[in-house]
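Structure data (PDB, C-alpha atoms, pLDDT in the B column) from model.pdb:
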ATOM      1  CA  MET A 243     -64.131 -58.528 -23.149  1.00 48.00           C
ATOM      2  CA  ASP A 244     -67.893 -59.040 -22.671  1.00 52.00           C
ATOM      3  CA  VAL A 245     -69.484 -55.656 -21.989  1.00 51.00           C
ATOM      4  CA  ARG A 246     -72.056 -57.003 -19.572  1.00 48.00           C
ATOM      5  CA  ARG A 247     -69.452 -58.808 -17.514  1.00 47.00           C
ATOM      6  CA  ARG A 248     -67.236 -55.731 -17.371  1.00 53.00           C
ATOM      7  CA  ILE A 249     -70.056 -53.418 -16.312  1.00 53.00           C
ATOM      8  CA  GLY A 250     -71.709 -55.991 -14.058  1.00 51.00           C
ATOM      9  CA  ARG A 251     -68.435 -56.702 -12.277  1.00 47.00           C
ATOM     10  CA  GLY A 252     -68.521 -60.415 -12.957  1.00 35.00           C
ATOM     11  CA  MET A 253     -72.246 -61.044 -13.458  1.00 35.00           C
ATOM     12  CA  ALA A 254     -72.589 -64.163 -15.597  1.00 34.00           C
ATOM     13  CA  ALA A 255     -75.731 -63.389 -17.562  1.00 33.00           C
ATOM     14  CA  VAL A 256     -78.134 -60.622 -18.430  1.00 34.00           C
ATOM     15  CA  GLY A 257     -80.827 -62.458 -16.502  1.00 38.00           C
ATOM     16  CA  VAL A 258     -78.786 -62.155 -13.317  1.00 36.00           C
ATOM     17  CA  LEU A 259     -78.389 -58.451 -13.924  1.00 36.00           C
ATOM     18  CA  ILE A 260     -82.106 -58.019 -14.549  1.00 37.00           C
ATOM     19  CA  GLY A 261     -82.818 -59.904 -11.332  1.00 40.00           C
ATOM     20  CA  ALA A 262     -80.508 -57.583  -9.444  1.00 38.00           C
ATOM     21  CA  LEU A 263     -82.422 -54.647 -10.876  1.00 38.00           C
ATOM     22  CA  GLY A 264     -85.694 -55.709  -9.285  1.00 38.00           C
ATOM     23  CA  VAL A 265     -85.289 -53.126  -6.558  1.00 35.00           C
ATOM     24  CA  PHE A 266     -85.189 -50.431  -9.226  1.00 40.00           C
ATOM     25  CA  VAL A 267     -87.612 -51.692 -11.904  1.00 42.00           C
ATOM     26  CA  THR A 268     -90.759 -52.690 -10.103  1.00 40.00           C
ATOM     27  CA  GLY A 269     -93.034 -53.322 -13.072  1.00 47.00           C
ATOM     28  CA  ALA A 270     -94.080 -52.316 -16.552  1.00 50.00           C
ATOM     29  CA  ALA A 271     -94.193 -48.620 -17.193  1.00 54.00           C
ATOM     30  CA  ALA A 272     -97.381 -46.790 -18.002  1.00 60.00           C
ATOM     31  CA  ASP A 273     -98.131 -46.061 -21.649  1.00 71.00           C
ATOM     32  CA  ASN A 274     -96.756 -42.543 -21.381  1.00 82.00           C
ATOM     33  CA  GLU A 275     -93.769 -43.396 -19.164  1.00 90.00           C
ATOM     34  CA  PRO A 276     -90.384 -44.614 -20.396  1.00 93.00           C
ATOM     35  CA  ASN A 277     -89.805 -48.320 -19.908  1.00 95.00           C
ATOM     36  CA  PHE A 278     -86.330 -49.052 -18.534  1.00 97.00           C
ATOM     37  CA  GLN A 279     -86.664 -52.834 -18.387  1.00 95.00           C
ATOM     38  CA  PRO A 280     -84.940 -53.298 -21.784  1.00 95.00           C
ATOM     39  CA  CYS A 281     -81.911 -51.310 -20.568  1.00 96.00           C
ATOM     40  CA  PRO A 282     -79.730 -54.287 -19.523  1.00 95.00           C
ATOM     41  CA  ALA A 283     -80.247 -55.889 -22.925  1.00 94.00           C
ATOM     42  CA  ALA A 284     -79.000 -52.677 -24.535  1.00 95.00           C
ATOM     43  CA  LEU A 285     -75.553 -53.556 -23.226  1.00 93.00           C
ATOM     44  CA  GLN A 286     -75.457 -56.606 -25.472  1.00 92.00           C
ATOM     45  CA  GLY A 287     -74.748 -57.018 -29.142  1.00 90.00           C
ATOM     46  CA  ALA A 288     -73.299 -54.701 -31.721  1.00 90.00           C
ATOM     47  CA  ARG A 289     -73.699 -50.953 -31.621  1.00 93.00           C
ATOM     48  CA  ASP A 290     -75.904 -49.225 -34.172  1.00 92.00           C
ATOM     49  CA  PRO A 291     -74.039 -46.392 -35.937  1.00 92.00           C
ATOM     50  CA  GLY A 292     -77.315 -44.599 -36.511  1.00 92.00           C
ATOM     51  CA  LEU A 293     -77.656 -43.744 -32.793  1.00 96.00           C
ATOM     52  CA  VAL A 294     -74.719 -41.766 -31.406  1.00 97.00           C
ATOM     53  CA  LYS A 295     -74.125 -40.801 -27.787  1.00 97.00           C
ATOM     54  CA  SER A 296     -71.857 -37.967 -26.648  1.00 97.00           C
ATOM     55  CA  THR A 297     -71.244 -36.612 -23.159  1.00 98.00           C
ATOM     56  CA  GLU A 298     -69.759 -33.572 -21.487  1.00 98.00           C
ATOM     57  CA  PRO A 299     -67.319 -34.203 -19.915  1.00 97.00           C
ATOM     58  CA  SER A 300     -66.145 -36.697 -22.494  1.00 97.00           C
ATOM     59  CA  GLY A 301     -66.355 -40.279 -21.325  1.00 97.00           C
ATOM     60  CA  GLY A 302     -64.331 -43.352 -22.127  1.00 97.00           C
ATOM     61  CA  THR A 303     -65.096 -46.943 -22.918  1.00 96.00           C
ATOM     62  CA  VAL A 304     -65.846 -49.976 -20.787  1.00 95.00           C
ATOM     63  CA  ASP A 305     -62.217 -51.046 -20.898  1.00 95.00           C
ATOM     64  CA  ASP A 306     -60.798 -47.530 -20.666  1.00 97.00           C
ATOM     65  CA  PRO A 307     -63.182 -45.354 -18.623  1.00 98.00           C
ATOM     66  CA  ALA A 308     -62.522 -41.661 -18.147  1.00 98.00           C
ATOM     67  CA  PRO A 309     -61.861 -40.448 -14.583  1.00 98.00           C
ATOM     68  CA  ILE A 310     -64.610 -38.404 -12.988  1.00 98.00           C
ATOM     69  CA  ALA A 311     -65.111 -36.849  -9.570  1.00 97.00           C
ATOM     70  CA  PRO A 312     -68.138 -37.436  -7.339  1.00 97.00           C
ATOM     71  CA  GLY A 313     -70.712 -34.675  -7.741  1.00 97.00           C
ATOM     72  CA  THR A 314     -69.843 -34.036 -11.406  1.00 98.00           C
ATOM     73  CA  VAL A 315     -72.792 -33.303 -13.702  1.00 98.00           C
ATOM     74  CA  VAL A 316     -72.749 -35.332 -16.923  1.00 98.00           C
ATOM     75  CA  GLN A 317     -74.561 -33.847 -19.921  1.00 98.00           C
ATOM     76  CA  VAL A 318     -75.832 -36.560 -22.312  1.00 98.00           C
ATOM     77  CA  THR A 319     -76.845 -36.101 -25.948  1.00 98.00           C
ATOM     78  CA  LEU A 320     -78.278 -38.814 -28.239  1.00 98.00           C
ATOM     79  CA  THR A 321     -78.508 -38.013 -31.949  1.00 98.00           C
ATOM     80  CA  TRP A 322     -79.971 -39.835 -34.962  1.00 97.00           C
ATOM     81  CA  ALA A 323     -81.101 -39.120 -38.498  1.00 95.00           C
ATOM     82  CA  VAL A 324     -84.802 -38.226 -38.623  1.00 95.00           C
ATOM     83  CA  THR A 325     -85.116 -40.041 -41.953  1.00 94.00           C
ATOM     84  CA  ASP A 326     -84.277 -43.331 -40.214  1.00 95.00           C
ATOM     85  CA  TRP A 327     -87.637 -43.334 -38.467  1.00 96.00           C
ATOM     86  CA  VAL A 328     -91.250 -42.951 -39.390  1.00 95.00           C
ATOM     87  CA  ALA A 329     -92.238 -42.833 -35.724  1.00 95.00           C
ATOM     88  CA  ILE A 330     -90.396 -43.351 -32.449  1.00 96.00           C
ATOM     89  CA  ASP A 331     -91.910 -45.539 -29.777  1.00 96.00           C
ATOM     90  CA  GLN A 332     -89.485 -44.435 -27.078  1.00 97.00           C
ATOM     91  CA  VAL A 333     -85.934 -43.214 -26.538  1.00 97.00           C
ATOM     92  CA  VAL A 334     -84.142 -43.807 -23.241  1.00 98.00           C
ATOM     93  CA  ASP A 335     -80.699 -43.273 -21.778  1.00 98.00           C
ATOM     94  CA  CYS A 336     -79.844 -45.924 -19.202  1.00 98.00           C
ATOM     95  CA  VAL A 337     -77.326 -45.182 -16.425  1.00 98.00           C
ATOM     96  CA  PHE A 338     -75.537 -48.020 -14.623  1.00 98.00           C
ATOM     97  CA  ILE A 339     -73.479 -47.626 -11.452  1.00 97.00           C
ATOM     98  CA  GLY A 340     -71.373 -50.569 -10.373  1.00 95.00           C
ATOM     99  CA  GLY A 341     -73.285 -52.769 -12.810  1.00 94.00           C
ATOM    100  CA  GLU A 342     -76.757 -51.876 -11.571  1.00 96.00           C
ATOM    101  CA  LEU A 343     -79.303 -49.813 -13.432  1.00 97.00           C
ATOM    102  CA  VAL A 344     -80.196 -46.632 -11.566  1.00 97.00           C
ATOM    103  CA  VAL A 345     -83.564 -45.469 -12.841  1.00 97.00           C
ATOM    104  CA  ALA A 346     -83.366 -42.264 -10.793  1.00 97.00           C
ATOM    105  CA  LEU A 347     -80.404 -41.152 -12.943  1.00 97.00           C
ATOM    106  CA  SER A 348     -81.783 -42.491 -16.231  1.00 98.00           C
ATOM    107  CA  ALA A 349     -84.205 -40.599 -18.481  1.00 97.00           C
ATOM    108  CA  GLY A 350     -86.340 -41.065 -21.569  1.00 96.00           C
ATOM    109  CA  GLU A 351     -89.313 -40.040 -23.707  1.00 96.00           C
ATOM    110  CA  LYS A 352     -92.376 -42.123 -24.537  1.00 96.00           C
ATOM    111  CA  PRO A 353     -93.527 -41.681 -27.163  1.00 95.00           C
ATOM    112  CA  GLY A 354     -90.315 -40.223 -28.539  1.00 94.00           C
ATOM    113  CA  VAL A 355     -90.137 -37.077 -30.604  1.00 95.00           C
ATOM    114  CA  ASN A 356     -88.454 -37.627 -33.954  1.00 96.00           C
ATOM    115  CA  ASP A 357     -86.476 -34.390 -33.949  1.00 96.00           C
ATOM    116  CA  GLY A 358     -83.042 -36.016 -34.232  1.00 96.00           C
ATOM    117  CA  SER A 359     -81.841 -35.577 -30.644  1.00 97.00           C
ATOM    118  CA  PHE A 360     -82.520 -36.279 -26.997  1.00 98.00           C
ATOM    119  CA  THR A 361     -80.688 -34.667 -24.081  1.00 97.00           C
ATOM    120  CA  HIS A 362     -80.611 -35.011 -20.333  1.00 96.00           C
ATOM    121  CA  ALA A 363     -78.169 -34.730 -17.427  1.00 98.00           C
ATOM    122  CA  TYR A 364     -77.329 -36.766 -14.365  1.00 98.00           C
ATOM    123  CA  THR A 365     -74.984 -36.270 -11.424  1.00 98.00           C
ATOM    124  CA  ILE A 366     -72.351 -38.705 -10.217  1.00 97.00           C
ATOM    125  CA  PRO A 367     -73.401 -39.506  -6.617  1.00 96.00           C
ATOM    126  CA  THR A 368     -71.322 -37.651  -4.072  1.00 96.00           C
ATOM    127  CA  ASP A 369     -70.945 -40.836  -2.011  1.00 95.00           C
ATOM    128  CA  ALA A 370     -69.715 -42.939  -4.950  1.00 95.00           C
ATOM    129  CA  GLU A 371     -66.611 -44.830  -3.936  1.00 95.00           C
ATOM    130  CA  GLU A 372     -63.349 -44.396  -5.763  1.00 96.00           C
ATOM    131  CA  GLY A 373     -62.998 -46.966  -8.551  1.00 96.00           C
ATOM    132  CA  THR A 374     -66.758 -47.319  -9.138  1.00 97.00           C
ATOM    133  CA  LEU A 375     -67.663 -47.781 -12.802  1.00 98.00           C
ATOM    134  CA  VAL A 376     -70.432 -45.526 -14.145  1.00 98.00           C
ATOM    135  CA  CYS A 377     -71.711 -46.288 -17.656  1.00 98.00           C
ATOM    136  CA  ASP A 378     -74.667 -45.203 -19.749  1.00 96.00           C
ATOM    137  CA  VAL A 379     -76.117 -46.404 -23.020  1.00 98.00           C
ATOM    138  CA  GLY A 380     -78.906 -45.086 -25.240  1.00 98.00           C
ATOM    139  CA  ARG A 381     -81.736 -47.136 -26.742  1.00 97.00           C
ATOM    140  CA  LEU A 382     -84.224 -46.042 -29.372  1.00 97.00           C
ATOM    141  CA  SER A 383     -87.138 -48.100 -30.728  1.00 96.00           C
ATOM    142  CA  GLY A 384     -89.839 -47.331 -33.242  1.00 95.00           C
ATOM    143  CA  GLN A 385     -91.026 -47.754 -36.838  1.00 94.00           C
ATOM    144  CA  PRO A 386     -88.034 -47.783 -39.202  1.00 94.00           C
ATOM    145  CA  GLY A 387     -87.874 -45.388 -42.099  1.00 92.00           C
ATOM    146  CA  ALA A 388     -86.590 -45.910 -45.626  1.00 87.00           C
ATOM    147  CA  THR A 389     -82.985 -45.085 -44.671  1.00 89.00           C
ATOM    148  CA  ASN A 390     -82.926 -47.380 -41.642  1.00 89.00           C
ATOM    149  CA  ALA A 391     -80.789 -50.297 -42.766  1.00 73.00           C
ATOM    150  CA  THR A 392     -80.802 -52.206 -39.470  1.00 73.00           C
ATOM    151  CA  ASP A 393     -83.926 -52.872 -37.411  1.00 85.00           C
ATOM    152  CA  ASP A 394     -86.588 -51.313 -35.198  1.00 92.00           C
ATOM    153  CA  THR A 395     -84.259 -50.958 -32.194  1.00 94.00           C
ATOM    154  CA  HIS A 396     -80.991 -49.030 -32.095  1.00 95.00           C
ATOM    155  CA  LYS A 397     -78.400 -49.157 -29.299  1.00 96.00           C
ATOM    156  CA  SER A 398     -75.847 -46.399 -28.943  1.00 97.00           C
ATOM    157  CA  ASN A 399     -72.194 -46.592 -28.039  1.00 97.00           C
ATOM    158  CA  ILE A 400     -71.529 -47.165 -24.328  1.00 97.00           C
ATOM    159  CA  VAL A 401     -69.872 -44.298 -22.443  1.00 98.00           C
ATOM    160  CA  CYS A 402     -68.117 -45.056 -19.152  1.00 98.00           C
ATOM    161  CA  PHE A 403     -66.497 -43.170 -16.295  1.00 98.00           C
ATOM    162  CA  GLU A 404     -64.511 -44.347 -13.298  1.00 98.00           C
ATOM    163  CA  VAL A 405     -64.986 -42.443 -10.067  1.00 98.00           C
ATOM    164  CA  SER A 406     -61.730 -40.900  -8.994  1.00 94.00           C
ATOM    165  CA  ALA A 407     -61.003 -38.640  -6.047  1.00 82.00           C
ATOM    166  CA  ASP A 408     -58.132 -37.016  -7.924  1.00 65.00           C
ATOM    167  CA  THR A 409     -59.291 -35.628 -11.244  1.00 58.00           C
ATOM    168  CA  SER A 410     -59.158 -32.365 -13.104  1.00 55.00           C
ATOM    169  CA  THR A 411     -62.422 -33.059 -14.928  1.00 42.00           C
ATOM    170  CA  THR A 412     -64.729 -30.031 -14.942  1.00 43.00           C
ATOM    171  CA  THR A 413     -68.142 -29.372 -16.444  1.00 42.00           C
ATOM    172  CA  THR A 414     -69.765 -26.259 -17.811  1.00 41.00           C
ATOM    173  CA  SER A 415     -72.678 -26.622 -15.400  1.00 43.00           C
ATOM    174  CA  THR A 416     -70.647 -27.128 -12.273  1.00 40.00           C
ATOM    175  CA  THR A 417     -68.768 -24.325 -10.609  1.00 40.00           C
ATOM    176  CA  SER A 418     -65.750 -25.644  -8.802  1.00 40.00           C
ATOM    177  CA  THR A 419     -63.964 -23.491  -6.286  1.00 41.00           C
ATOM    178  CA  SER A 420     -60.366 -24.482  -6.038  1.00 41.00           C
ATOM    179  CA  THR A 421     -58.627 -23.558  -2.825  1.00 41.00           C
ATOM    180  CA  THR A 422     -54.907 -23.705  -2.995  1.00 39.00           C
ATOM    181  CA  SER A 423     -53.324 -24.483   0.313  1.00 41.00           C
ATOM    182  CA  THR A 424     -49.772 -23.273   0.430  1.00 39.00           C
ATOM    183  CA  THR A 425     -47.601 -24.995   2.930  1.00 39.00           C
ATOM    184  CA  SER A 426     -44.550 -23.035   3.831  1.00 40.00           C
ATOM    185  CA  THR A 427     -41.738 -25.281   4.807  1.00 39.00           C
ATOM    186  CA  SER A 428     -38.993 -23.574   6.716  1.00 39.00           C
ATOM    187  CA  THR A 429     -35.733 -25.294   6.118  1.00 38.00           C
ATOM    188  CA  THR A 430     -33.128 -24.553   8.702  1.00 37.00           C
ATOM    189  CA  SER A 431     -29.741 -24.929   7.252  1.00 38.00           C
ATOM    190  CA  THR A 432     -27.216 -25.623   9.938  1.00 37.00           C
ATOM    191  CA  SER A 433     -23.912 -24.344   8.820  1.00 39.00           C
ATOM    192  CA  THR A 434     -21.057 -25.948  10.626  1.00 37.00           C
ATOM    193  CA  THR A 435     -18.088 -23.676  10.647  1.00 36.00           C
ATOM    194  CA  SER A 436     -14.951 -25.572  11.030  1.00 39.00           C
ATOM    195  CA  THR A 437     -12.373 -23.377  12.634  1.00 36.00           C
ATOM    196  CA  SER A 438      -8.948 -24.473  11.697  1.00 39.00           C
ATOM    197  CA  THR A 439      -6.524 -23.357  14.350  1.00 36.00           C
ATOM    198  CA  THR A 440      -3.041 -23.196  13.098  1.00 36.00           C
ATOM    199  CA  SER A 441      -0.670 -23.426  15.944  1.00 37.00           C
ATOM    200  CA  THR A 442       2.330 -21.425  15.052  1.00 35.00           C
ATOM    201  CA  THR A 443       5.312 -21.996  17.248  1.00 36.00           C
ATOM    202  CA  SER A 444       7.216 -18.821  17.338  1.00 36.00           C
ATOM    203  CA  THR A 445      10.754 -19.294  18.388  1.00 36.00           C
ATOM    204  CA  THR A 446      12.023 -16.107  19.805  1.00 37.00           C
ATOM    205  CA  SER A 447      15.714 -15.857  19.669  1.00 38.00           C
ATOM    206  CA  THR A 448      16.821 -13.758  22.577  1.00 39.00           C
ATOM    207  CA  THR A 449      20.197 -12.250  22.157  1.00 40.00           C
ATOM    208  CA  SER A 450      21.668 -11.509  25.522  1.00 42.00           C
ATOM    209  CA  THR A 451      24.064  -8.674  25.185  1.00 40.00           C
ATOM    210  CA  THR A 452      26.403  -8.349  28.091  1.00 42.00           C
ATOM    211  CA  ILE A 453      27.685  -4.867  28.581  1.00 41.00           C
ATOM    212  CA  GLN A 454      31.037  -4.931  30.143  1.00 47.00           C
ATOM    213  CA  GLN A 455      31.016  -2.373  32.839  1.00 44.00           C
ATOM    214  CA  PRO A 456      34.347  -1.031  34.099  1.00 44.00           C
ATOM    215  CA  THR A 457      35.422  -3.043  37.011  1.00 47.00           C
ATOM    216  CA  THR A 458      35.664  -0.913  40.064  1.00 44.00           C
ATOM    217  CA  THR A 459      38.048  -2.145  42.659  1.00 44.00           C
ATOM    218  CA  THR A 460      37.185  -0.928  46.046  1.00 46.00           C
ATOM    219  CA  GLN A 461      40.360  -0.111  48.000  1.00 48.00           C
ATOM    220  CA  PRO A 462      40.379   0.003  51.778  1.00 49.00           C
ATOM    221  CA  PHE A 463      39.792   3.472  53.010  1.00 46.00           C
ATOM    222  CA  VAL A 464      43.076   4.995  53.988  1.00 44.00           C
ATOM    223  CA  PRO A 465      42.743   8.305  55.730  1.00 46.00           C
ATOM    224  CA  GLU A 466      44.723  10.903  54.046  1.00 51.00           C
ATOM    225  CA  ALA A 467      47.733  12.038  55.965  1.00 47.00           C
ATOM    226  CA  THR A 468      47.091  15.228  57.809  1.00 45.00           C
ATOM    227  CA  THR A 469      49.971  17.622  57.698  1.00 44.00           C
ATOM    228  CA  THR A 470      50.159  19.752  60.740  1.00 44.00           C
ATOM    229  CA  THR A 471      52.096  22.840  60.275  1.00 45.00           C
ATOM    230  CA  VAL A 472      53.701  23.972  63.506  1.00 43.00           C
ATOM    231  CA  ALA A 473      54.574  27.551  63.479  1.00 48.00           C
ATOM    232  CA  PRO A 474      58.013  28.390  64.990  1.00 46.00           C
ATOM    233  CA  THR A 475      57.624  29.449  68.500  1.00 47.00           C
ATOM    234  CA  THR A 476      59.397  32.546  69.586  1.00 46.00           C
ATOM    235  CA  PRO A 477      60.668  32.170  73.047  1.00 47.00           C
ATOM    236  CA  THR A 478      59.100  34.610  75.385  1.00 44.00           C
ATOM    237  CA  ILE A 479      60.902  36.339  78.212  1.00 36.00           C
ATOM    238  CA  GLU A 480      59.504  33.978  80.688  1.00 43.00           C
ATOM    239  CA  ASP A 481      60.912  31.022  78.776  1.00 45.00           C
ATOM    240  CA  GLN A 482      64.265  32.572  78.843  1.00 40.00           C
ATOM    241  CA  VAL A 483      64.440  32.987  82.584  1.00 34.00           C
TER     242      VAL A 483
END
As structure tokens:
Amino acid sequence: MDVRRRIGRGMAAVGVLIGALGVFVTGAAADNEPNFQPCPAALQGARDPGLVKSTEPSGGTVDDPAPIAPGTVVQVTLTWAVTDWVAIDQVVDCVFIGGELVVALSAGEKPGVNDGSFTHAYTIPTDAEEGTLVCDVGRLSGQPGATNATDDTHKSNIVCFEVSADTSTTTTSTTSTSTTSTTSTSTTSTSTTSTSTTSTTSTTSTTSTTIQQPTTTTQPFVPEATTTTVAPTTPTIEDQV
């Protein structure tokens, strides 16, 4: 896939990209200021192995960018062999967001110092939308040395990030305070107790015991005969007269 088209989100040519950058690159830089106008062209062509870019956190490629959170600080390091150059005209690191060069996040030296490395840092904008592609590429130009087998301009590998709201990416220069919110979910378990009622039919066998009582026959009351004893009467004298 064409690098420019991927980074430019469908831009058809480098000239279109340069035209879109007019709001950022307003004219030629002063003799002692880095010139960022060649940055879009640095996206084109083969990479030069003599100029190597590394970042912290580690980035990805155009086709496989690494996730990064808004506000993350990206540390950039460009390295090269000092024997590849007699003198360095300038060294720049160009940062693109959504396909547009952002000079405010880019950096460089002019003239460059041939000490074998260049470092700087930039911050992913806090208002960058999720899914935004952020890429940067290094460019070094100068007078080639005896060990420089290519040309007077070297372009580094392109490092890309994709803005993501959900990422665990951290940097050594950014202190992140992680607040863990614990949500306690109270689960009410409704236990339904099924009461099984066993209806037991108890058949009570009642044994009726009949006690035979002696039959009492009531006889009519008959007064007992009264025996009157009459004493013999001795006739008195009067009775005899």
Between CA of Gly373 in chain A and CA of Val294 in chain A, what is the distance in Å, rounded to a tenth?
26.2 Å
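The coordinates place CA of Cys377 in chain A at 16.0 Å from CA of Thr361 in chain A.
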For the PyMOL selection byres ((chain A and resi 357) around 12), applied here, can you spell out every residue it catches as a PyMOL selection string?
chain A and resi 320-330+333+354-356+358-361
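Atom pair CA of Ser348 in chain A / CA of Gly301 in chain A: separated by 16.4 Å.
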May I have the protein, DNA and RNA residues with any atom at most 10 Å from the point (-71.2, -36.9, -22.7), counting all atoms listed in the file, written as a tab-separated table (two decimals) with C-alpha atoms, in the coordinates of the input?
chain	number	residue	atom	x	y	z
A	295	LYS	CA	-74.12	-40.80	-27.79
A	296	SER	CA	-71.86	-37.97	-26.65
A	297	THR	CA	-71.24	-36.61	-23.16
A	298	GLU	CA	-69.76	-33.57	-21.49
A	299	PRO	CA	-67.32	-34.20	-19.92
A	300	SER	CA	-66.14	-36.70	-22.49
A	301	GLY	CA	-66.36	-40.28	-21.32
A	302	GLY	CA	-64.33	-43.35	-22.13
A	315	VAL	CA	-72.79	-33.30	-13.70
A	316	VAL	CA	-72.75	-35.33	-16.92
A	317	GLN	CA	-74.56	-33.85	-19.92
A	318	VAL	CA	-75.83	-36.56	-22.31
A	319	THR	CA	-76.84	-36.10	-25.95
A	320	LEU	CA	-78.28	-38.81	-28.24
A	361	THR	CA	-80.69	-34.67	-24.08
A	362	HIS	CA	-80.61	-35.01	-20.33
A	363	ALA	CA	-78.17	-34.73	-17.43
A	378	ASP	CA	-74.67	-45.20	-19.75
A	401	VAL	CA	-69.87	-44.30	-22.44
A	402	CYS	CA	-68.12	-45.06	-19.15
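The result of the PyMOL selection byres ((chain A and resi 343) around 8) on the shown file is Leu263, Phe266, Cys281, Pro282, Cys336, Val337, Phe338, Ile339, Gly341, Glu342, Val344 and Val345 of chain A.
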Neighbours of Ile366 in chain A within 8 Å (all atoms listed in the file; same-chain residues fewer than 2 positions away dropped), as number ranges by chain?
A: 311-316, 364, 368, 370
Exactly which residues make up the result of the PyMOL selection byres ((chain A and resi 308) around 10) on this file, given as a PyMOL selection string?
chain A and resi 299-307+309-310+375-376+401-406+409+411
Rank nothing, just name the residue among A:Gly292, A:Gly340, A:Gly350, A:Glu372 nearest to Asn277 in chain A, using all atoms listed in the file.
A:Gly350
If you count all atoms listed in the file, which residues fall within 7 Å of Val334 in chain A, apart from same-chain ones fewer than 2 positions away, as a VMD selection string?
chain A and resid 276 332 336 349 to 351 380 to 382
From the structure block, carefully write range 340-352 of chain A out with N, CA, C and O atoms; format it as an mmCIF file, in the first residue's frame.
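The resulting file, out30.cif, is reproduced below:
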data_model
loop_
_atom_site.group_PDB
_atom_site.id
_atom_site.type_symbol
_atom_site.label_atom_id
_atom_site.label_comp_id
_atom_site.auth_asym_id
_atom_site.auth_seq_id
_atom_site.Cartn_x
_atom_site.Cartn_y
_atom_site.Cartn_z
ATOM 1 N N GLY A 340 -3.275 12.680 11.045
ATOM 2 C CA GLY A 340 -4.356 12.596 10.070
ATOM 3 C C GLY A 340 -3.912 12.970 8.678
ATOM 4 O O GLY A 340 -4.700 13.468 7.879
ATOM 5 N N GLY A 341 -2.638 12.760 8.361
ATOM 6 C CA GLY A 341 -2.128 13.038 7.024
ATOM 7 C C GLY A 341 -1.597 14.436 6.830
ATOM 8 O O GLY A 341 -1.115 14.766 5.744
ATOM 9 N N GLU A 342 -1.648 15.270 7.842
ATOM 10 C CA GLU A 342 -1.157 16.639 7.714
ATOM 11 C C GLU A 342 0.068 16.857 8.598
ATOM 12 O O GLU A 342 0.088 16.445 9.756
ATOM 13 N N LEU A 343 1.042 17.515 8.033
ATOM 14 C CA LEU A 343 2.250 17.842 8.784
ATOM 15 C C LEU A 343 1.928 18.865 9.865
ATOM 16 O O LEU A 343 1.293 19.885 9.607
ATOM 17 N N VAL A 344 2.365 18.574 11.079
ATOM 18 C CA VAL A 344 2.167 19.502 12.195
ATOM 19 C C VAL A 344 3.550 19.989 12.627
ATOM 20 O O VAL A 344 4.285 19.289 13.336
ATOM 21 N N VAL A 345 3.894 21.170 12.168
ATOM 22 C CA VAL A 345 5.217 21.728 12.455
ATOM 23 C C VAL A 345 5.417 21.928 13.952
ATOM 24 O O VAL A 345 6.524 21.759 14.473
ATOM 25 N N ALA A 346 4.340 22.288 14.662
ATOM 26 C CA ALA A 346 4.459 22.543 16.097
ATOM 27 C C ALA A 346 4.923 21.308 16.865
ATOM 28 O O ALA A 346 5.505 21.438 17.945
ATOM 29 N N LEU A 347 4.677 20.109 16.317
ATOM 30 C CA LEU A 347 5.109 18.878 16.983
ATOM 31 C C LEU A 347 6.394 18.319 16.382
ATOM 32 O O LEU A 347 6.996 17.407 16.957
ATOM 33 N N SER A 348 6.806 18.861 15.252
ATOM 34 C CA SER A 348 8.039 18.412 14.595
ATOM 35 C C SER A 348 9.241 19.160 15.170
ATOM 36 O O SER A 348 9.086 20.171 15.864
ATOM 37 N N ALA A 349 10.441 18.669 14.873
ATOM 38 C CA ALA A 349 11.649 19.313 15.411
ATOM 39 C C ALA A 349 12.832 19.007 14.499
ATOM 40 O O ALA A 349 12.791 18.064 13.692
ATOM 41 N N GLY A 350 13.869 19.809 14.620
ATOM 42 C CA GLY A 350 15.060 19.584 13.798
ATOM 43 C C GLY A 350 16.229 20.459 14.208
ATOM 44 O O GLY A 350 16.115 21.295 15.119
ATOM 45 N N GLU A 351 17.355 20.232 13.547
ATOM 46 C CA GLU A 351 18.575 21.032 13.744
ATOM 47 C C GLU A 351 19.086 21.483 12.379
ATOM 48 O O GLU A 351 19.102 20.698 11.423
ATOM 49 N N LYS A 352 19.482 22.743 12.303
ATOM 50 C CA LYS A 352 20.095 23.281 11.091
ATOM 51 C C LYS A 352 21.109 24.356 11.476
ATOM 52 O O LYS A 352 20.724 25.372 12.058
#
